[in-house]
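Q: Right, I'll just put the structure down here and ask away after.
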Amino acid sequence: MANKLAVLVTLLALSLGPAASQGQGSNICFNGWLRLPSSGTCPRGSRPDFRTRQRVPAPTGEGLSFGYYNNNNSYCPQAERIVKDAVKKAVDQNPGIGAGLIRLFFHDCFVRGCDGSVLLTATASGNSDTEREGPPNKDSLRGFEVIDAAKAAIEAACPGIVSCADIVAFAARDASSVLSNGRVNVPTPAGRLDGRESFANETDQLPGPFSNLTALEDSFWAKGLSPDEMVTLSGAHTIGHAKCQFFSSRFADMDPTLAAKLKAQCNGNDGTFVDQDDVTPNVLDSQYYKNVIDKKVLFDSDAALTNSTDTVTQVTDNANSAGAWERKFEKAMESMGKIGVKVRGSSGAEIRKVCSRVNN
Ligand code: HEM
């Protein structure tokens with residue numbers, strides 16, 4: 001175990017260059033993604049505190065509009081239907097892919113804005129150490145094949161019109177709808193262009209499972225999202241799976257029955273995946289907030305939502321008032337989809353032909 005961590009730290013130090021120390025305890029690194037033994041220090045060259053601690057204004061999404069692909073300049077009226085069909089087919093086969101698609105959207109938007117940078121393996125600068133290689137994403141993100149299938153079908157119908165960034169946003173909306181049995185409908189204006197760069201080390205802008213409440217709030221404020229939106233969006237942890245390495249240090253802080261079950265599932269293997277929500281694992285609902293109250297959540301970052309009066313109030317409201325969380329989640333997802341968008345006229349942006357690589 002110690003050896004494994006040492007290797008991971010070395011790899012991080014080599015591959016990330018300026019990795020981030022969170023400033024919330026010397027043994028938590030890369031904005032909450034890496035937890036070292038208490039004697040460990042973050043990789044050399046760590047940025048001492050990457051966060052601005054600034055409240056960035058809420059994203060406006062200027063340039064985005066509803067029904068964007070129904071208009072003359074960007075005409076591809078089949079686009080949204082094609083994505084919806086691809087998502088439905090994939091999620092019917094494996095609900096976990098729906099969870100993956102919702103997370104893909106979050107990880108896209110938080111790094112360089114919602115510009116499809118999370119999909120890239122080949123970039124304009126020739127960098128191959130892209131976001132997909134970053135600690136939050138590597139061996140973890142899923143759903144890429146659904147985006148690729150939708151993109152291929154859309155290119156066949158109307159080449160060069162629909163961006164990968166918009167496909168990611170549509171897919172997250174559609175996955176939310178399917179997994180909530182139609183109860184969550186995220187308004188999704190479109191018109192995003194695709195970026196041409198992607199860097200693994202920038203994924204430290206995503207808060208990690210070992211983040212405390214301040215780090216969570218700061219990471220969201222840095223993107224113009226409020227603590228309330230952070231609490232609301234964390235509700236996505238009512239679906240999908242997580243690796244044991246992110247919570248095996250905190251069995252003692254969990255509900256004992258759940259802890260025993262998880263311990264048996266993990267069986268000492270940090271790479272094993274388990275369901276995030278033991279109660280309704282494949283339904284996008286407000287069960288997460290009941291789990292937070294009952295100590296049935298996996299991560300420190302989930303449990304941290306009980307650490308302030310404000311967040312406790314939101315958790316309790318979301319747990320108890322039917323339909324309230326769903327409406328807030330729709331709004332917060334719409335806001336998230338506006339972060340840092342590149343739109344017509346933006347420099348360094350394009351409509352990719354293939355989502356994993358930039359055009360020549
Ligand atoms: C608040 C800070 C957040 C932290 C610290 C966090 C952390 C994590 C971690 C560690 C995993 C497990 C990954 C793995 O084991 O491979 C995960 C899974 C997931 N997260 Fe988050 N997350 C956060 C916010 C969000 C948000 C805002 C969304 C979407 C709106 C989201 C959606 C998901 C989903 C759906 C999964 C399951 C993915 C799958 O099954 O493929 N998370 N998250």
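Naming works like this for the structure tokens: A, B, ... for the chains as they're shown, residue 1 at the start of each chain, ligands 1 onward in shown order.
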Which residues come within 6 Å of range 300-308 of chain A, counting only C-alpha atoms, excluding same-chain residues fewer than 3 positions away, as a ChimeraX atom specification?

A: /A:209-213,311-312

Q: Take the residues that were just selected and, keeping N, CA, C and O atoms, output them as a compact mmCIF listing (two decimals), in the first residue's frame.

A:
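The result, written out as selection.txt:
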# COMPACT_ATOMS: atom_id res chain seq x y z
N PRO A 209 -12.33 13.86 -3.55
CA PRO A 209 -13.07 13.17 -2.49
C PRO A 209 -12.54 13.46 -1.09
O PRO A 209 -13.26 13.26 -0.11
N PHE A 210 -11.28 13.94 -1.00
CA PHE A 210 -10.74 14.27 0.32
C PHE A 210 -10.82 15.77 0.60
O PHE A 210 -10.21 16.27 1.54
N SER A 211 -11.57 16.50 -0.23
CA SER A 211 -11.72 17.95 -0.02
C SER A 211 -12.58 18.23 1.21
O SER A 211 -13.57 17.54 1.46
N ASN A 212 -12.19 19.29 1.94
CA ASN A 212 -13.06 19.74 3.03
C ASN A 212 -14.07 20.77 2.48
O ASN A 212 -14.03 21.12 1.30
N LEU A 213 -14.94 21.25 3.34
CA LEU A 213 -16.02 22.11 2.87
C LEU A 213 -15.51 23.41 2.25
O LEU A 213 -16.02 23.87 1.22
N THR A 311 -25.10 24.50 4.95
CA THR A 311 -25.16 23.29 4.12
C THR A 311 -26.09 22.25 4.76
O THR A 311 -26.82 21.56 4.04
N VAL A 312 -26.11 22.20 6.09
CA VAL A 312 -27.03 21.24 6.75
C VAL A 312 -28.48 21.60 6.41
O VAL A 312 -29.29 20.72 6.11

Q: Could the residues of chain A that have an atom at most 6 Å from ligand 1 be listed as a tab-separated table, each with its closest atom pair and the distance in Å to one decimal, counting only C-alpha atoms and all ligand atoms and ordered by chain and ascending residue number?

A:
residue	atom	partner	partner_atom_place_in_ligand_line	distance
A:Gly96	CA	ligand 1	40 (O)	5.2
A:Ala99	CA	ligand 1	35 (C)	3.9
A:Gly100	CA	ligand 1	41 (O)	3.7
A:Ile102	CA	ligand 1	35 (C)	5.3
A:Arg103	CA	ligand 1	32 (C)	4.2
A:Phe106	CA	ligand 1	29 (C)	5.2
A:Ser140	CA	ligand 1	16 (O)	4.0
A:Leu141	CA	ligand 1	41 (O)	5.8
A:Arg142	CA	ligand 1	41 (O)	5.5
A:Pro207	CA	ligand 1	5 (C)	4.7
A:Gly208	CA	ligand 1	5 (C)	3.7
A:Pro209	CA	ligand 1	5 (C)	4.0
A:Leu216	CA	ligand 1	1 (C)	5.9
A:Met230	CA	ligand 1	1 (C)	5.9
A:Leu233	CA	ligand 1	27 (C)	4.4
A:Ser234	CA	ligand 1	24 (C)	4.9
A:Ala236	CA	ligand 1	32 (C)	4.7
A:His237	CA	ligand 1	33 (C)	5.3
A:Ile239	CA	ligand 1	35 (C)	5.6
A:Gly240	CA	ligand 1	40 (O)	3.2
A:His241	CA	ligand 1	40 (O)	4.0
A:Ala242	CA	ligand 1	15 (O)	3.3
A:Lys243	CA	ligand 1	15 (O)	3.6
A:Phe246	CA	ligand 1	10 (C)	6.0
A:Ser301	CA	ligand 1	5 (C)	5.3

Q: Store the residues picked out above in a file with N, CA and C atoms, as a PDB file, in the first residue's frame.

A:
ATOM      1  N   GLY A  96     -24.975   2.726 -15.517  1.00  0.00           N
ATOM      2  CA  GLY A  96     -23.734   3.367 -15.086  1.00  0.00           C
ATOM      3  C   GLY A  96     -23.179   4.324 -16.124  1.00  0.00           C
ATOM      4  N   ALA A  99     -24.559   7.700 -15.566  1.00  0.00           N
ATOM      5  CA  ALA A  99     -23.832   8.393 -14.498  1.00  0.00           C
ATOM      6  C   ALA A  99     -22.541   8.966 -15.063  1.00  0.00           C
ATOM      7  N   GLY A 100     -21.869   8.150 -15.869  1.00  0.00           N
ATOM      8  CA  GLY A 100     -20.614   8.600 -16.476  1.00  0.00           C
ATOM      9  C   GLY A 100     -20.809   9.839 -17.329  1.00  0.00           C
ATOM     10  N   ILE A 102     -23.115  12.187 -17.043  1.00  0.00           N
ATOM     11  CA  ILE A 102     -23.386  13.373 -16.213  1.00  0.00           C
ATOM     12  C   ILE A 102     -22.072  13.897 -15.620  1.00  0.00           C
ATOM     13  N   ARG A 103     -21.236  12.958 -15.210  1.00  0.00           N
ATOM     14  CA  ARG A 103     -19.939  13.362 -14.637  1.00  0.00           C
ATOM     15  C   ARG A 103     -19.016  13.948 -15.699  1.00  0.00           C
ATOM     16  N   PHE A 106     -19.708  17.595 -16.015  1.00  0.00           N
ATOM     17  CA  PHE A 106     -19.115  18.333 -14.893  1.00  0.00           C
ATOM     18  C   PHE A 106     -17.604  18.497 -15.107  1.00  0.00           C
ATOM     19  N   SER A 140     -11.292   6.284 -14.900  1.00  0.00           N
ATOM     20  CA  SER A 140     -12.472   6.623 -14.113  1.00  0.00           C
ATOM     21  C   SER A 140     -13.613   7.159 -14.979  1.00  0.00           C
ATOM     22  N   LEU A 141     -13.340   8.169 -15.802  1.00  0.00           N
ATOM     23  CA  LEU A 141     -14.419   8.723 -16.637  1.00  0.00           C
ATOM     24  C   LEU A 141     -14.926   7.660 -17.601  1.00  0.00           C
ATOM     25  N   ARG A 142     -16.214   7.676 -17.832  1.00  0.00           N
ATOM     26  CA  ARG A 142     -16.765   6.734 -18.829  1.00  0.00           C
ATOM     27  C   ARG A 142     -17.887   7.398 -19.632  1.00  0.00           C
ATOM     28  N   PRO A 207     -12.675  19.649  -7.476  1.00  0.00           N
ATOM     29  CA  PRO A 207     -12.492  19.246  -6.079  1.00  0.00           C
ATOM     30  C   PRO A 207     -12.469  17.726  -5.982  1.00  0.00           C
ATOM     31  N   GLY A 208     -11.779  17.214  -4.970  1.00  0.00           N
ATOM     32  CA  GLY A 208     -11.613  15.769  -4.855  1.00  0.00           C
ATOM     33  C   GLY A 208     -12.334  15.183  -3.650  1.00  0.00           C
ATOM     34  N   PRO A 209     -12.328  13.856  -3.555  1.00  0.00           N
ATOM     35  CA  PRO A 209     -13.070  13.172  -2.493  1.00  0.00           C
ATOM     36  C   PRO A 209     -12.542  13.462  -1.086  1.00  0.00           C
ATOM     37  N   LEU A 216     -14.267  22.691  -1.197  1.00  0.00           N
ATOM     38  CA  LEU A 216     -15.397  22.448  -2.107  1.00  0.00           C
ATOM     39  C   LEU A 216     -16.023  23.774  -2.529  1.00  0.00           C
ATOM     40  N   MET A 230     -23.309  24.015  -5.227  1.00  0.00           N
ATOM     41  CA  MET A 230     -22.381  22.906  -4.944  1.00  0.00           C
ATOM     42  C   MET A 230     -23.129  21.778  -4.220  1.00  0.00           C
ATOM     43  N   LEU A 233     -25.551  20.096  -6.738  1.00  0.00           N
ATOM     44  CA  LEU A 233     -24.927  19.259  -7.770  1.00  0.00           C
ATOM     45  C   LEU A 233     -24.309  17.994  -7.179  1.00  0.00           C
ATOM     46  N   SER A 234     -23.903  18.084  -5.901  1.00  0.00           N
ATOM     47  CA  SER A 234     -23.348  16.889  -5.245  1.00  0.00           C
ATOM     48  C   SER A 234     -24.383  15.774  -5.192  1.00  0.00           C
ATOM     49  N   ALA A 236     -25.735  14.413  -7.439  1.00  0.00           N
ATOM     50  CA  ALA A 236     -25.475  13.446  -8.514  1.00  0.00           C
ATOM     51  C   ALA A 236     -24.806  12.191  -7.968  1.00  0.00           C
ATOM     52  N   HIS A 237     -24.297  12.252  -6.750  1.00  0.00           N
ATOM     53  CA  HIS A 237     -23.706  11.051  -6.144  1.00  0.00           C
ATOM     54  C   HIS A 237     -24.776  10.071  -5.662  1.00  0.00           C
ATOM     55  N   ILE A 239     -26.095   8.273  -7.967  1.00  0.00           N
ATOM     56  CA  ILE A 239     -25.979   7.270  -9.039  1.00  0.00           C
ATOM     57  C   ILE A 239     -24.502   6.947  -9.267  1.00  0.00           C
ATOM     58  N   GLY A 240     -24.261   5.897 -10.025  1.00  0.00           N
ATOM     59  CA  GLY A 240     -22.901   5.595 -10.439  1.00  0.00           C
ATOM     60  C   GLY A 240     -22.074   4.905  -9.360  1.00  0.00           C
ATOM     61  N   HIS A 241     -20.801   4.807  -9.637  1.00  0.00           N
ATOM     62  CA  HIS A 241     -19.938   4.023  -8.754  1.00  0.00           C
ATOM     63  C   HIS A 241     -18.679   4.798  -8.360  1.00  0.00           C
ATOM     64  N   ALA A 242     -17.949   4.242  -7.417  1.00  0.00           N
ATOM     65  CA  ALA A 242     -16.701   4.881  -6.977  1.00  0.00           C
ATOM     66  C   ALA A 242     -15.716   3.804  -6.533  1.00  0.00           C
ATOM     67  N   LYS A 243     -14.442   4.148  -6.656  1.00  0.00           N
ATOM     68  CA  LYS A 243     -13.388   3.207  -6.280  1.00  0.00           C
ATOM     69  C   LYS A 243     -13.122   3.254  -4.776  1.00  0.00           C
ATOM     70  N   PHE A 246     -10.965   5.845  -2.668  1.00  0.00           N
ATOM     71  CA  PHE A 246     -11.408   7.183  -2.292  1.00  0.00           C
ATOM     72  C   PHE A 246     -12.168   7.226  -0.962  1.00  0.00           C
ATOM     73  N   SER A 301     -15.786  14.405   1.158  1.00  0.00           N
ATOM     74  CA  SER A 301     -16.438  15.586   0.555  1.00  0.00           C
ATOM     75  C   SER A 301     -17.963  15.498   0.649  1.00  0.00           C
TER      76      SER A 301
END

Q: Using only C-alpha atoms, which of the listed residues (A:Leu298, A:Val358, A:Leu284, A:Ile339) sits closest to Glu326 in chain A?

A: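 Selected residue with least distance to Glu326 in chain A: A:Leu284.
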
Q: Among range 67-286 of chain A, which ones does DSSP assign to strand (DSSP E) (computed from the backbone)? Answer as a tab-separated table (two decimals) with all heavy atoms, in the first residue's frame.

A:
chain	number	residue	atom	x	y	z
A	194	ASP	N	-15.87	23.97	-29.67
A	194	ASP	CA	-14.89	23.09	-29.06
A	194	ASP	C	-13.54	23.79	-28.91
A	194	ASP	O	-13.08	24.47	-29.85
A	194	ASP	CB	-14.70	21.84	-29.93
A	194	ASP	CG	-15.99	21.04	-30.07
A	194	ASP	OD1	-16.72	20.94	-29.07
A	194	ASP	OD2	-16.26	20.53	-31.17
A	195	GLY	N	-12.89	23.55	-27.77
A	195	GLY	CA	-11.55	24.10	-27.55
A	195	GLY	C	-10.51	23.26	-28.27
A	195	GLY	O	-10.80	22.17	-28.78
A	241	HIS	N	-20.80	4.81	-9.64
A	241	HIS	CA	-19.94	4.02	-8.75
A	241	HIS	C	-18.68	4.80	-8.36
A	241	HIS	O	-18.41	5.87	-8.89
A	241	HIS	CB	-19.59	2.68	-9.40
A	241	HIS	CG	-18.80	2.78	-10.67
A	241	HIS	ND1	-18.60	1.71	-11.51
A	241	HIS	CD2	-18.14	3.82	-11.26
A	241	HIS	CE1	-17.85	2.07	-12.53
A	241	HIS	NE2	-17.56	3.34	-12.40
A	242	ALA	N	-17.95	4.24	-7.42
A	242	ALA	CA	-16.70	4.88	-6.98
A	242	ALA	C	-15.72	3.80	-6.53
A	242	ALA	O	-16.11	2.73	-6.06
A	242	ALA	CB	-16.98	5.84	-5.83
A	243	LYS	N	-14.44	4.15	-6.66
A	243	LYS	CA	-13.39	3.21	-6.28
A	243	LYS	C	-13.12	3.25	-4.78
A	243	LYS	O	-13.15	4.33	-4.16
A	243	LYS	CB	-12.08	3.58	-6.99
A	243	LYS	CG	-12.05	3.17	-8.45
A	243	LYS	CD	-10.65	3.28	-9.03
A	243	LYS	CE	-10.24	4.71	-9.33
A	243	LYS	NZ	-10.93	5.37	-10.42
A	273	PHE	N	-14.72	-1.10	-7.61
A	273	PHE	CA	-15.80	-0.10	-7.67
A	273	PHE	C	-17.02	-0.59	-6.90
A	273	PHE	O	-17.37	-1.77	-6.98
A	273	PHE	CB	-16.22	0.14	-9.13
A	273	PHE	CG	-15.31	1.03	-9.91
A	273	PHE	CD1	-14.32	0.50	-10.73
A	273	PHE	CD2	-15.43	2.41	-9.83
A	273	PHE	CE1	-13.48	1.32	-11.47
A	273	PHE	CE2	-14.59	3.25	-10.57
A	273	PHE	CZ	-13.61	2.69	-11.39
A	274	VAL	N	-17.67	0.32	-6.19
A	274	VAL	CA	-18.93	-0.01	-5.51
A	274	VAL	C	-19.97	1.06	-5.86
A	274	VAL	O	-19.62	2.16	-6.28
A	274	VAL	CB	-18.77	-0.04	-3.97
A	274	VAL	CG1	-17.65	-0.97	-3.56
A	274	VAL	CG2	-18.52	1.37	-3.41
A	275	ASP	N	-21.25	0.74	-5.68
A	275	ASP	CA	-22.31	1.72	-5.90
A	275	ASP	C	-22.15	2.90	-4.93
A	275	ASP	O	-21.84	2.69	-3.75
A	275	ASP	CB	-23.69	1.09	-5.65
A	275	ASP	CG	-24.10	0.15	-6.77
A	275	ASP	OD1	-23.57	0.29	-7.89
A	275	ASP	OD2	-24.94	-0.74	-6.50

Q: Closest to Pro135 in chain A among A:Lys151, A:Arg81, A:Arg183, A:Arg35, using only C-alpha atoms?

A: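 Among the listed residues, the smallest separation from Pro135 in chain A belongs to A:Arg35.
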
Q: List the spatial neighbours of Val341 in chain A as a PyMOL selection string - criterion: any atom at most 6 Å away, only C-alpha atoms, same-chain residues fewer than 3 positions off excluded.

A: chain A and resi 113-114+192+338

Q: Which polymer residues have any atom within 10 Å of an atom of Gly345 in chain A, counting only C-alpha atoms, with same-chain residues fewer than 5 positions away left out, as number ranges by chain?

A: A: 63, 193, 350

Q: For the residues in that selection, give me all heavy atoms as a short mmCIF file (atom, residue, chain, number, x, y, z; two decimals), in the first residue's frame.

A:
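So part.cif came out as:
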data_model
loop_
_atom_site.label_atom_id
_atom_site.label_comp_id
_atom_site.auth_asym_id
_atom_site.auth_seq_id
_atom_site.Cartn_x
_atom_site.Cartn_y
_atom_site.Cartn_z
N GLY A 63 -24.40 34.00 -25.78
CA GLY A 63 -24.11 33.38 -27.07
C GLY A 63 -24.79 32.02 -27.22
O GLY A 63 -24.88 31.48 -28.31
N LEU A 193 -18.66 26.11 -28.76
CA LEU A 193 -17.65 25.61 -29.69
C LEU A 193 -16.67 24.74 -28.92
O LEU A 193 -16.62 24.78 -27.68
CB LEU A 193 -16.91 26.78 -30.36
CG LEU A 193 -17.74 27.66 -31.30
CD1 LEU A 193 -16.85 28.74 -31.90
CD2 LEU A 193 -18.41 26.84 -32.39
N GLU A 350 -13.40 25.76 -32.36
CA GLU A 350 -13.81 25.19 -33.65
C GLU A 350 -14.95 24.21 -33.41
O GLU A 350 -15.36 23.97 -32.27
CB GLU A 350 -12.62 24.47 -34.27
CG GLU A 350 -12.14 23.27 -33.43
CD GLU A 350 -10.84 22.65 -33.95
OE1 GLU A 350 -10.20 23.25 -34.83
OE2 GLU A 350 -10.47 21.57 -33.46
#

Q: Taking the DSSP assignment computed from this structure's backbone, write out as a PyMOL selection string all residues of range 188-285 of chain A that belong to helix (DSSP H, G or I).

A: chain A and resi 200-205+213-221+227-238+244-246+251-253+256-266

Q: Write out as a list in words which residues come within 10 Å of Asn320 in chain A when counting only C-alpha atoms, dropping same-chain ones fewer than 5 positions away.

A: Ser286, Gln287, Tyr289, Lys290, Gln314, Val315 and Trp325 of chain A

Q: Take the selection from the previous step and output its residues with C-alpha atoms, as a CSV table (one decimal), in the first residue's frame.

A:
chain,number,residue,atom,x,y,z
A,286,SER,CA,-32.8,13.0,-3.7
A,287,GLN,CA,-31.8,9.9,-1.8
A,289,TYR,CA,-29.3,13.8,1.0
A,290,LYS,CA,-30.9,11.2,3.2
A,314,GLN,CA,-29.9,22.6,2.3
A,315,VAL,CA,-29.2,18.9,2.9
A,325,TRP,CA,-34.0,19.1,-5.2

Q: Calculated over only C-alpha atoms, which of the candidates A:Lys88, A:Val178, A:Asp139, A:Ser249 has the smallest distance to Pro37 in chain A?

A: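 Nearest to Pro37 in chain A: A:Ser249.
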
Q: Kindly give the distance, in Å, that separates CA of Thr41 in chain A and CA of Phe299 in chain A, rounded to a single decimal.

A: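 For CA of Thr41 in chain A relative to CA of Phe299 in chain A, the distance reads 21.3 Å.
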
Q: Which is closest to Phe105 in chain A among A:Ala319, A:Leu36, A:Met336, A:Ile154, if we use only C-alpha atoms?

A: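 Residue with the minimum atom-to-atom distance to Phe105 in chain A: A:Met336.
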
Q: From the options A:Ala260, A:Tyr69, A:Pro227, A:Ser356, which residue's atoms come nearest to Thr130 in chain A, counting only C-alpha atoms?

A: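 Distance minimum relative to Thr130 in chain A lands on A:Ser356.
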
Q: How many Å separate CA of Ala122 in chain A from CA of Ala171 in chain A?

A: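 Between CA of Ala122 in chain A and CA of Ala171 in chain A the gap is 22.2 Å.
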
Q: Just the number, please: distance in Å from CA of Asp270 in chain A to CA of Ser180 in chain A, one decimal.

A: 29.7 Å

Q: Need to verify the contact set: Pro189 in chain A, 8 Å, only C-alpha atoms, exclusion of same-chain residues closer than 5 positions in sequence. Can you return it as a PyMOL selection string?

A: chain A and resi 64-68
